[in-house]
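Asks: Supplied structure: my_file_11.pdb, PDB, C-alpha atoms.
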MODEL        1
ATOM      1  CA  MET A  80      87.821 144.476  96.231
ATOM      2  CA  PRO A  81      89.767 141.557  94.693
ATOM      3  CA  ASN A  82      89.167 138.123  96.200
ATOM      4  CA  ARG A  83      91.151 134.931  96.193
ATOM      5  CA  GLY A  84      89.600 131.508  96.039
ATOM      6  CA  GLU A  85      85.948 132.309  96.578
ATOM      7  CA  ASN A  86      84.902 129.549  94.157
ATOM      8  CA  LEU A  87      87.227 126.828  95.427
ATOM      9  CA  THR A  88      85.826 123.774  97.197
ATOM     10  CA  ALA A  89      87.324 120.843  99.064
ATOM     11  CA  ALA A  90      86.491 117.423 100.448
ATOM     12  CA  VAL A  91      87.947 115.381 103.271
ATOM     13  CA  VAL A  92      87.815 111.656 102.450
ATOM     14  CA  TYR A  93      88.490 109.300 105.337
ATOM     15  CA  GLU A  94      88.660 105.674 106.374
ATOM     16  CA  SER A  95      88.044 104.963 110.046
ATOM     17  CA  MET A  96      87.865 101.712 111.979
ATOM     18  CA  PHE A  97      87.670 102.858 115.615
ATOM     19  CA  GLY A  98      86.366 106.388 114.920
ATOM     20  CA  ASN A  99      89.653 108.218 115.429
ATOM     21  CA  CYS A 100      90.262 109.044 111.755
ATOM     22  CA  GLU A 101      86.681 110.210 111.376
ATOM     23  CA  LYS A 102      87.097 112.569 114.348
ATOM     24  CA  VAL A 103      90.334 113.915 112.867
ATOM     25  CA  ALA A 104      88.719 114.260 109.409
ATOM     26  CA  ARG A 105      85.836 116.256 110.846
ATOM     27  CA  GLN A 106      88.220 118.527 112.790
ATOM     28  CA  ILE A 107      90.314 119.113 109.664
ATOM     29  CA  ALA A 108      87.115 119.954 107.756
ATOM     30  CA  ALA A 109      85.984 122.343 110.501
ATOM     31  CA  GLY A 110      89.312 124.171 110.264
ATOM     32  CA  MET A 111      89.124 124.248 106.465
ATOM     33  CA  ALA A 112      85.562 125.590 106.583
ATOM     34  CA  THR A 113      86.939 128.857 107.955
ATOM     35  CA  GLY A 114      88.310 129.540 104.461
ATOM     36  CA  VAL A 115      86.630 127.288 101.869
ATOM     37  CA  PRO A 116      83.466 125.215 101.508
ATOM     38  CA  VAL A 117      84.246 121.612 102.439
ATOM     39  CA  LYS A 118      82.403 118.308 102.622
ATOM     40  CA  VAL A 119      83.327 115.171 104.555
ATOM     41  CA  VAL A 120      83.011 111.836 102.723
ATOM     42  CA  ASP A 121      83.542 108.285 104.000
ATOM     43  CA  VAL A 122      85.988 106.525 101.683
ATOM     44  CA  ALA A 123      83.493 103.704 101.032
ATOM     45  CA  ASP A 124      81.018 106.281  99.683
ATOM     46  CA  ALA A 125      83.746 107.882  97.537
ATOM     47  CA  VAL A 126      84.606 104.490  96.016
ATOM     48  CA  ALA A 127      80.939 103.639  95.435
ATOM     49  CA  ASP A 128      80.199 107.036  93.861
ATOM     50  CA  PRO A 129      83.348 108.764  92.534
ATOM     51  CA  SER A 130      81.201 111.661  91.266
ATOM     52  CA  LEU A 131      80.993 112.874  94.897
ATOM     53  CA  LEU A 132      84.410 114.432  94.290
ATOM     54  CA  ASP A 133      83.832 115.803  90.776
ATOM     55  CA  ASP A 134      83.116 119.323  91.989
ATOM     56  CA  VAL A 135      86.076 119.798  94.346
ATOM     57  CA  ASP A 136      89.462 121.407  93.792
ATOM     58  CA  LEU A 137      91.202 119.694  96.715
ATOM     59  CA  VAL A 138      90.872 116.312  98.395
ATOM     60  CA  VAL A 139      92.343 115.716 101.844
ATOM     61  CA  ALA A 140      92.498 111.926 102.216
ATOM     62  CA  GLY A 141      93.269 109.986 105.362
ATOM     63  CA  GLY A 142      93.086 106.693 107.151
ATOM     64  CA  PRO A 143      94.604 104.628 109.927
ATOM     65  CA  THR A 144      98.130 103.288 109.691
ATOM     66  CA  HIS A 145      98.065  99.473 109.736
ATOM     67  CA  SER A 146     101.411  97.652 109.648
ATOM     68  CA  MET A 147     103.238 100.840 108.558
ATOM     69  CA  SER A 148     100.936 101.502 105.572
ATOM     70  CA  MET A 149      97.312 101.802 104.506
ATOM     71  CA  SER A 150      94.901  99.168 105.720
ATOM     72  CA  ARG A 151      94.371  96.005 103.701
ATOM     73  CA  PRO A 152      91.520  93.488 103.880
ATOM     74  CA  GLY A 153      93.571  91.328 106.281
ATOM     75  CA  THR A 154      94.504  94.172 108.635
ATOM     76  CA  ARG A 155      90.911  95.434 108.668
ATOM     77  CA  ALA A 156      89.673  91.921 109.553
ATOM     78  CA  GLU A 157      92.301  91.760 112.296
ATOM     79  CA  ALA A 158      91.072  95.096 113.711
ATOM     80  CA  VAL A 159      87.494  93.780 113.800
ATOM     81  CA  GLN A 160      88.670  90.605 115.537
ATOM     82  CA  ARG A 161      90.799  92.568 118.030
ATOM     83  CA  SER A 162      87.780  94.722 118.881
ATOM     84  CA  GLY A 163      85.717  91.653 119.720
ATOM     85  CA  GLY A 164      83.356  92.493 116.889
ATOM     86  CA  THR A 165      82.463  95.956 118.188
ATOM     87  CA  VAL A 166      84.019  97.554 115.093
ATOM     88  CA  PRO A 167      82.043  97.055 111.875
ATOM     89  CA  ALA A 168      83.792  95.176 109.078
ATOM     90  CA  ARG A 169      84.886  97.318 106.127
ATOM     91  CA  ASN A 170      85.629  95.898 102.706
ATOM     92  CA  VAL A 171      86.827  99.234 101.293
ATOM     93  CA  GLY A 172      89.524 101.495 102.651
ATOM     94  CA  LEU A 173      91.909 104.276 101.713
ATOM     95  CA  ARG A 174      94.076 101.876  99.696
ATOM     96  CA  GLU A 175      91.166 100.867  97.456
ATOM     97  CA  TRP A 176      90.169 104.517  96.983
ATOM     98  CA  CYS A 177      93.727 105.513  95.995
ATOM     99  CA  VAL A 178      93.937 102.662  93.483
ATOM    100  CA  ALA A 179      90.490 103.513  92.028
ATOM    101  CA  LEU A 180      91.305 107.231  91.751
ATOM    102  CA  PRO A 181      91.574 108.056  88.037
ATOM    103  CA  GLU A 182      94.653 109.675  86.544
ATOM    104  CA  HIS A 183      94.423 113.450  86.912
ATOM    105  CA  SER A 184      93.450 115.228  83.741
ATOM    106  CA  GLU A 185      93.421 118.990  83.379
ATOM    107  CA  GLY A 186      90.006 120.394  84.175
ATOM    108  CA  ALA A 187      88.544 117.154  85.562
ATOM    109  CA  GLY A 188      88.086 116.548  89.278
ATOM    110  CA  PRO A 189      90.407 117.720  92.020
ATOM    111  CA  ARG A 190      93.841 119.067  91.149
ATOM    112  CA  TRP A 191      95.329 119.192  94.608
ATOM    113  CA  VAL A 192      95.534 116.623  97.384
ATOM    114  CA  THR A 193      97.082 116.123 100.758
ATOM    115  CA  THR A 194      97.013 113.134 103.068
ATOM    116  CA  PHE A 195      96.832 112.378 106.769
ATOM    117  CA  ASP A 196      96.785 109.323 108.987
ATOM    118  CA  THR A 197      96.395 108.208 112.541
ATOM    119  CA  ARG A 198      99.003 106.001 114.146
ATOM    120  CA  THR A 199      99.770 104.863 117.636
ATOM    121  CA  ALA A 200     101.970 107.081 119.750
ATOM    122  CA  LEU A 201     104.364 104.129 120.036
ATOM    123  CA  GLY A 202     104.792 104.203 116.250
ATOM    124  CA  ARG A 203     105.681 107.887 115.954
ATOM    125  CA  ALA A 204     109.313 107.067 115.084
ATOM    126  CA  ILE A 205     108.365 104.597 112.332
ATOM    127  CA  PRO A 206     109.207 106.210 108.980
ATOM    128  CA  SER A 207     106.278 104.822 106.982
ATOM    129  CA  SER A 208     102.561 105.468 107.362
ATOM    130  CA  ALA A 209      99.206 105.372 105.614
ATOM    131  CA  SER A 210      99.568 109.032 104.606
ATOM    132  CA  ARG A 211     102.958 108.444 102.960
ATOM    133  CA  ALA A 212     101.731 105.389 101.059
ATOM    134  CA  ALA A 213      98.594 107.221  99.911
ATOM    135  CA  ALA A 214     100.597 110.286  98.825
ATOM    136  CA  ARG A 215     102.901 108.087  96.728
ATOM    137  CA  ILE A 216     100.008 106.511  94.831
ATOM    138  CA  ILE A 217      98.078 109.751  94.368
ATOM    139  CA  THR A 218     101.001 111.873  93.171
ATOM    140  CA  ARG A 219     102.006 109.186  90.658
ATOM    141  CA  LYS A 220      98.568 109.706  89.145
ATOM    142  CA  GLY A 221      99.346 113.364  88.465
ATOM    143  CA  TYR A 222      97.790 115.092  91.476
ATOM    144  CA  GLU A 223      99.755 117.835  93.212
ATOM    145  CA  MET A 224     100.352 117.795  96.960
ATOM    146  CA  LEU A 225      99.112 121.115  98.291
ATOM    147  CA  VAL A 226     100.690 120.885 101.746
ATOM    148  CA  PRO A 227     102.897 118.235 103.371
ATOM    149  CA  LEU A 228     101.155 115.165 104.778
ATOM    150  CA  ARG A 229     100.400 114.876 108.468
ATOM    151  CA  SER A 230     100.109 112.172 111.152
ATOM    152  CA  PHE A 231      97.908 112.375 114.237
ATOM    153  CA  LEU A 232      98.653 110.166 117.221
ATOM    154  CA  VAL A 233      96.357 107.855 119.155
ATOM    155  CA  GLU A 234      97.108 106.213 122.504
ATOM    156  CA  ASP A 235      96.537 102.744 121.012
ATOM    157  CA  ALA A 236      94.680 101.287 118.024
ATOM    158  CA  ALA A 237      91.271 101.966 119.546
ATOM    159  CA  GLY A 238      92.224 105.466 120.702
ATOM    160  CA  PRO A 239      91.734 107.916 122.130
ATOM    161  CA  LEU A 240      93.677 110.600 120.302
ATOM    162  CA  VAL A 241      96.715 111.920 122.153
ATOM    163  CA  ASP A 242      95.972 115.194 123.977
ATOM    164  CA  GLY A 243      96.191 118.184 121.686
ATOM    165  CA  HIS A 244      95.860 116.283 118.400
ATOM    166  CA  MET A 245      92.220 117.263 117.816
ATOM    167  CA  GLU A 246      93.240 120.914 118.130
ATOM    168  CA  GLN A 247      96.206 120.298 115.810
ATOM    169  CA  ALA A 248      93.826 118.806 113.227
ATOM    170  CA  TYR A 249      91.707 121.966 113.288
ATOM    171  CA  VAL A 250      94.740 124.243 112.910
ATOM    172  CA  TRP A 251      96.082 122.051 110.086
ATOM    173  CA  GLY A 252      92.695 122.387 108.372
ATOM    174  CA  GLU A 253      92.928 126.176 108.615
ATOM    175  CA  SER A 254      96.395 126.096 107.045
ATOM    176  CA  ILE A 255      95.161 123.843 104.220
ATOM    177  CA  ALA A 256      92.361 126.306 103.422
ATOM    178  CA  ALA A 257      94.841 129.202 103.428
ATOM    179  CA  ALA A 258      97.192 127.308 101.088
ATOM    180  CA  LEU A 259      94.313 126.487  98.720
ATOM    181  CA  ARG A 260      93.118 130.088  98.652
ATOM    182  CA  ALA A 261      96.671 131.230  97.910
ATOM    183  CA  LYS A 262      96.741 128.928  94.831
ATOM    184  CA  ALA A 263      93.522 130.390  93.441
ATOM    185  CA  PRO A 264      93.517 133.074  90.803
ATOM    186  CA  LEU A 265      92.681 136.591  91.916
ATOM    187  CA  THR A 266      89.083 137.547  91.050
ATOM    188  CA  VAL A 267      87.402 140.945  91.092
TER     189      VAL A 267
ENDMDL
END
Could you show the structure in this file as structure tokens?
Replies:
Amino acid sequence: MPNRGENLTAAVVYESMFGNCEKVARQIAAGMATGVPVKVVDVADAVADPSLLDDVDLVVAGGPTHSMSMSRPGTRAEAVQRSGGTVPARNVGLREWCVALPEHSEGAGPRWVTTFDTRTALGRAIPSSASRAAARIITRKGYEMLVPLRSFLVEDAAGPLVDGHMEQAYVWGESIAAALRAKAPLTV
């Protein structure tokens, strides 16, 4: 019987300050795992060792929205200060990963990407986000967006996630896997 996408793999790369993006990333990966093999990688590890993503066809990348975009060193330091030091300092985030991502070349590394972010429920009407900024950088480098980006809401910067958003992350992950499998060539 013909099969679609049995050899495709994916990775979810995330930046998380308060743990919300990591929770969302893991839920997305759990949903994706129903259709394709997937690994979850902290963005700092992906920057330190880009070869972690050499064997994947799709990268789902996400991080928190800070000041209507991806985090920067100053906004990460502010988050640590706001937490009273309970949040570990990060010197690498989604922005640094996007910038370090090499230009896409046929046959090398992932072909497809999609992005997600967390943002406060109060900011749901704000038109810009970490996922939009990341998608702009990544697609300019020649990667193809597989599915539209997605935002997940948190009550405030430290969380928790708004009710229902963990479940939405899982369902979104399932739809990403289905879209990736649909892109794959038919094999016998």
Asks: Running the PyMOL selection byres ((chain A and resi 248) around 8) on this model by hand, what would come out? Give it as a list in words.
Replies: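 For this structure, the PyMOL selection byres ((chain A and resi 248) around 8) captures Val103, Ala104, Gln106, Ile107, Gly110, Phe231, His244, Met245, Glu246, Gln247, Tyr249, Val250, Trp251 and Gly252 of chain A.
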Asks: Any chance you could resolve the PyMOL selection byres ((chain A and resi 95) around 9) against this file and give the residues as number ranges by chain?
Replies: A: 93-94, 96-102, 121-122, 141-143, 172
Asks: Quote the spacing between atom CA of A:Asp134 and atom CA of A:Pro181 in Å to one decimal place.
Replies: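 Separating atom CA of A:Asp134 from atom CA of A:Pro181 is a distance of 14.6 Å.
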Asks: Identify, on the basis of all atoms listed in the file, every residue whose closest approach to A:Arg174 does not exceed 8 Å; exclude the query and any residue fewer than 6 positions from it along the same chain; express the result as a ChimeraX atom specification.
Replies: /A:149-151,213
Asks: Which residue is closest to A:Val178? Choose from A:Ala209, A:Val139, A:Leu228, A:Val126 and count only C-alpha atoms.
Replies: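 Smallest separation from A:Val178 among the options: A:Val126.
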Asks: Please return the centre and edge lengths, in Å to one decimal, of a box with edges along x, y and z that contains all listed atoms of stretch 259-262 of chain A, widened by 6 Å on every side, as lines of an AutoDock Vina configuration file.
Replies:
center_x = 94.9
center_y = 128.9
center_z = 96.8
size_x = 15.6
size_y = 16.7
size_z = 15.9
Asks: Starting from the shown file, work through the PyMOL selection byres ((chain A and resi 214) around 12) and note down what comes out as a PyMOL selection string.
Replies: chain A and resi 138-142+148-149+173-174+177-178+191-196+207-213+215-229
Asks: For A:Arg155, which residue out of A:Pro189, A:Gly243, A:Pro167, A:Pro116 is the nearest one, using all atoms listed in the file?
Replies: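 Distance minimum relative to A:Arg155 lands on A:Pro167.
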Asks: Report the distance between atom CA of A:Asp128 and atom CA of A:His183 in Å, rounded to one decimal place.
Replies: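 It comes out at 17.1 Å.
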